Amino acid sequence: KITAPMKMVSAAKLKGDETCLASAKPYNAWSDAICGPSQEVEDATFEDLPKRTLVIPLTSDKGLCGGINSFISRATKSIVAKAHADGKEVDIAVIGDKGRAQLVRAAEITPLIQQTMTEVESPGTFSLISSLSADIITVAEKKEYDGIMILYNSFVNAAVYKQKYKLIKPFESAGDGESMLEYEFEPDTKSEVLQDMYEYLLTSQMYECFMDAAASEQSSRMTAMENASKNAGEMIEKLTLQYNRARQTRITTELIEIISGASALEDKD
């Protein structure tokens with residue numbers, strides 16, 4: 001009675017989230033030319049991680065949505081392990097209560113969590129994502145990270161989603177690694193323009209990732225509720241069969257006792 005309506009609600013929300021995602025992808029397409037396309041977590045070596053990285057796992061605040069949060073938590077632990085094995089530093093800023101609850105249970109992860117952000121509206125708006133990215137940039141500036149990694153579930157279709165990550169590195173306004181040498185910057189200084197552009201780049205990328213994660217959450221919840229309804233139906237059928245067998249056995253036993261008693265009375269007569 002509960003799982004079937006939840007599936008219908010998730011299916012309705014999924015259509016809206018797919019529309020938002022379809023709008024967000026072209027809006028953020030320009031970022032691929034700067035920091036490259038998103039990479040799949042599966043079989044990734046994470047050799048592209050800089051010396052110090054802030055990982056942002058995107059998880060949900062609500063449960064009953066399959067394994068989307070567990071996949072992100074496991075991927076986060078894998079990234080931390082591989083980075084430490086390569087002598088690199090990794091810190092974490094968790095978005096979503098379910099991811100926070102799973103990661104704080106791991107003793108090796110808890111000291112790395114720099115910030116947690118929960119009760120975030122899903123799928124959210126660009127203004128909301130802007131405020132979140134501002135908080136993340138504040139954390140990043142305090143420890144001067146060499147890059148920020150966004151870890152999220154990427155929607156494929158109603159039955160499939162994959163774990164991906166996007167690595168965003170700050171721009172360099174001077175030195176050997178100076179960014180955008182072919183451009184001239186007026187009237188502001190180049191460092192100020194690049195800082196503003198970096199903040200906008202992070203916000204734009206997070207917006208698309210949020211839309212992707214929201215669609216994945218609803219598709220996973222829809223599938224989970226469908227499986228729950230199916231399993232509940234099978235359990236009801238199994239228990240009904242057991243009940244009917246027990247009931248039939250009891251009736252048969254009582255009939256045998258009645259017939260035996262009647263036969264005994266007839267023999268006495």
# chains A, B, ... in the order shown; residues from 1 in each chain; ligands from 1

call {"tool": "closest_atom_pairs", "arguments": {"of": "stretch 91-159 of chain A", "to": "stretch 13-20 of chain A", "cutoff": "10 Å", "atoms": "only C-alpha atoms", "output": "Markdown table"}}
result
| residue | atom | partner | partner_atom | distance |
| --- | --- | --- | --- | --- |
| A:Ser122 | CA | A:Asp17 | CA | 9.3 |
| A:Pro123 | CA | A:Asp17 | CA | 7.1 |
| A:Gly124 | CA | A:Cys20 | CA | 9.9 |
| A:Thr125 | CA | A:Cys20 | CA | 9.8 |
| A:Phe155 | CA | A:Glu18 | CA | 8.8 |
| A:Asn157 | CA | A:Glu18 | CA | 9.4 |
| A:Ala158 | CA | A:Leu14 | CA | 8.3 |

call {"tool": "write_last_selection", "arguments": {"atoms": "N, CA and C atoms", "output": "compact mmCIF listing (two decimals), in the first residue's frame"}}
result
# COMPACT_ATOMS: atom_id res chain seq x y z
N SER A 122 16.22 19.11 -3.19
CA SER A 122 16.54 18.38 -4.42
C SER A 122 15.39 18.50 -5.41
N PRO A 123 15.65 18.78 -6.69
CA PRO A 123 16.96 18.94 -7.33
C PRO A 123 17.61 20.29 -7.10
N GLY A 124 16.88 21.25 -6.51
CA GLY A 124 17.48 22.52 -6.19
C GLY A 124 17.44 23.52 -7.33
N THR A 125 17.92 24.72 -7.06
CA THR A 125 17.97 25.79 -8.05
C THR A 125 19.40 26.27 -8.20
N PHE A 155 22.89 9.99 -14.40
CA PHE A 155 21.68 9.33 -14.91
C PHE A 155 21.90 8.89 -16.36
N ASN A 157 19.46 6.05 -17.81
CA ASN A 157 18.05 5.87 -18.12
C ASN A 157 17.34 5.46 -16.83
N ALA A 158 16.05 5.13 -16.93
CA ALA A 158 15.27 4.84 -15.73
C ALA A 158 15.78 3.63 -14.96

call {"tool": "closest_atom_pairs", "arguments": {"of": "stretch 175-223 of chain A", "to": "stretch 128-135 of chain A", "cutoff": "8 Å", "atoms": "only C-alpha atoms", "output": "tab-separated table"}}
result
residue	atom	partner	partner_atom	distance
A:Glu199	CA	A:Ser133	CA	7.5
A:Leu202	CA	A:Ser133	CA	6.7
A:Thr203	CA	A:Ser130	CA	5.6
A:Met206	CA	A:Ile129	CA	6.8
A:Tyr207	CA	A:Ile129	CA	6.0

call {"tool": "residues_around", "arguments": {"residues": "stretch 191-196 of chain A", "least_positions_apart": "2", "cutoff": "12 Å", "atoms": "only C-alpha atoms", "output": "count of residues only"}}
result
27

call {"tool": "residues_around", "arguments": {"residues": "A:Asn231", "least_positions_apart": "6", "cutoff": "12 Å", "atoms": "only C-alpha atoms", "output": "number ranges by chain"}}
result
A: 3-4, 224-225, 237-238

call {"tool": "select_by_dssp", "arguments": {"residues": "stretch 128-266 of chain A", "states": "strand (DSSP E or B)", "output": "PyMOL selection string"}}
result
chain A and resi 147-157+160-168

call {"tool": "decode", "arguments": {"residues": "stretch 70-139 of chain A", "atoms": "C-alpha atoms", "output": "PDB file, in the first residue's frame"}}
result
ATOM      1  CA  SER A  70      26.333   3.322  -0.852  1.00  0.00           C
ATOM      2  CA  PHE A  71      27.984   3.462  -4.287  1.00  0.00           C
ATOM      3  CA  ILE A  72      29.151   7.037  -3.702  1.00  0.00           C
ATOM      4  CA  SER A  73      30.418   6.211  -0.194  1.00  0.00           C
ATOM      5  CA  ARG A  74      32.382   3.223  -1.470  1.00  0.00           C
ATOM      6  CA  ALA A  75      33.822   5.305  -4.313  1.00  0.00           C
ATOM      7  CA  THR A  76      34.884   7.977  -1.813  1.00  0.00           C
ATOM      8  CA  LYS A  77      36.709   5.411   0.313  1.00  0.00           C
ATOM      9  CA  SER A  78      38.390   4.008  -2.795  1.00  0.00           C
ATOM     10  CA  ILE A  79      39.574   7.464  -3.867  1.00  0.00           C
ATOM     11  CA  VAL A  80      40.997   8.160  -0.411  1.00  0.00           C
ATOM     12  CA  ALA A  81      42.826   4.823  -0.329  1.00  0.00           C
ATOM     13  CA  LYS A  82      44.359   5.254  -3.804  1.00  0.00           C
ATOM     14  CA  ALA A  83      45.347   8.868  -3.134  1.00  0.00           C
ATOM     15  CA  HIS A  84      47.066   7.989   0.136  1.00  0.00           C
ATOM     16  CA  ALA A  85      48.855   5.109  -1.586  1.00  0.00           C
ATOM     17  CA  ASP A  86      50.266   7.646  -4.084  1.00  0.00           C
ATOM     18  CA  GLY A  87      51.327  10.003  -1.298  1.00  0.00           C
ATOM     19  CA  LYS A  88      48.585  12.563  -1.989  1.00  0.00           C
ATOM     20  CA  GLU A  89      46.313  14.366   0.459  1.00  0.00           C
ATOM     21  CA  VAL A  90      42.517  14.175   0.281  1.00  0.00           C
ATOM     22  CA  ASP A  91      39.842  15.921   2.335  1.00  0.00           C
ATOM     23  CA  ILE A  92      36.063  15.568   2.077  1.00  0.00           C
ATOM     24  CA  ALA A  93      33.065  17.914   2.093  1.00  0.00           C
ATOM     25  CA  VAL A  94      29.922  15.758   2.164  1.00  0.00           C
ATOM     26  CA  ILE A  95      26.601  16.860   0.710  1.00  0.00           C
ATOM     27  CA  GLY A  96      23.613  14.793   1.875  1.00  0.00           C
ATOM     28  CA  ASP A  97      22.706  13.227   5.219  1.00  0.00           C
ATOM     29  CA  LYS A  98      22.868   9.619   3.989  1.00  0.00           C
ATOM     30  CA  GLY A  99      26.414  10.002   2.732  1.00  0.00           C
ATOM     31  CA  ARG A 100      27.458  11.721   5.949  1.00  0.00           C
ATOM     32  CA  ALA A 101      25.973   8.917   8.067  1.00  0.00           C
ATOM     33  CA  GLN A 102      27.814   6.261   6.052  1.00  0.00           C
ATOM     34  CA  LEU A 103      31.184   7.991   5.894  1.00  0.00           C
ATOM     35  CA  VAL A 104      31.433   8.962   9.571  1.00  0.00           C
ATOM     36  CA  ARG A 105      31.235   5.271  10.473  1.00  0.00           C
ATOM     37  CA  ALA A 106      34.590   4.688   8.767  1.00  0.00           C
ATOM     38  CA  ALA A 107      37.420   5.480  11.167  1.00  0.00           C
ATOM     39  CA  GLU A 108      39.850   6.360   8.369  1.00  0.00           C
ATOM     40  CA  ILE A 109      37.385   8.786   6.738  1.00  0.00           C
ATOM     41  CA  THR A 110      36.026  10.724   9.746  1.00  0.00           C
ATOM     42  CA  PRO A 111      39.178  12.893  10.317  1.00  0.00           C
ATOM     43  CA  LEU A 112      39.132  13.915   6.635  1.00  0.00           C
ATOM     44  CA  ILE A 113      35.610  15.392   6.674  1.00  0.00           C
ATOM     45  CA  GLN A 114      35.963  19.171   6.635  1.00  0.00           C
ATOM     46  CA  GLN A 115      32.300  20.068   6.188  1.00  0.00           C
ATOM     47  CA  THR A 116      28.864  18.450   5.872  1.00  0.00           C
ATOM     48  CA  MET A 117      25.855  19.993   4.136  1.00  0.00           C
ATOM     49  CA  THR A 118      22.482  18.364   4.785  1.00  0.00           C
ATOM     50  CA  GLU A 119      18.795  19.117   4.232  1.00  0.00           C
ATOM     51  CA  VAL A 120      19.581  20.379   0.739  1.00  0.00           C
ATOM     52  CA  GLU A 121      16.547  20.790  -1.495  1.00  0.00           C
ATOM     53  CA  SER A 122      16.540  18.375  -4.424  1.00  0.00           C
ATOM     54  CA  PRO A 123      16.963  18.939  -7.332  1.00  0.00           C
ATOM     55  CA  GLY A 124      17.484  22.524  -6.185  1.00  0.00           C
ATOM     56  CA  THR A 125      17.967  25.792  -8.048  1.00  0.00           C
ATOM     57  CA  PHE A 126      20.990  27.597  -9.439  1.00  0.00           C
ATOM     58  CA  SER A 127      20.808  30.076  -6.548  1.00  0.00           C
ATOM     59  CA  LEU A 128      20.928  27.242  -4.022  1.00  0.00           C
ATOM     60  CA  ILE A 129      23.870  25.616  -5.780  1.00  0.00           C
ATOM     61  CA  SER A 130      25.636  28.993  -5.864  1.00  0.00           C
ATOM     62  CA  SER A 131      25.423  29.276  -2.085  1.00  0.00           C
ATOM     63  CA  LEU A 132      26.725  25.728  -1.659  1.00  0.00           C
ATOM     64  CA  SER A 133      29.630  26.326  -4.022  1.00  0.00           C
ATOM     65  CA  ALA A 134      30.472  29.531  -2.127  1.00  0.00           C
ATOM     66  CA  ASP A 135      30.730  27.518   1.095  1.00  0.00           C
ATOM     67  CA  ILE A 136      32.917  24.947  -0.650  1.00  0.00           C
ATOM     68  CA  ILE A 137      35.214  27.625  -2.070  1.00  0.00           C
ATOM     69  CA  THR A 138      35.566  29.102   1.422  1.00  0.00           C
ATOM     70  CA  VAL A 139      36.693  25.707   2.718  1.00  0.00           C
TER      71      VAL A 139
END
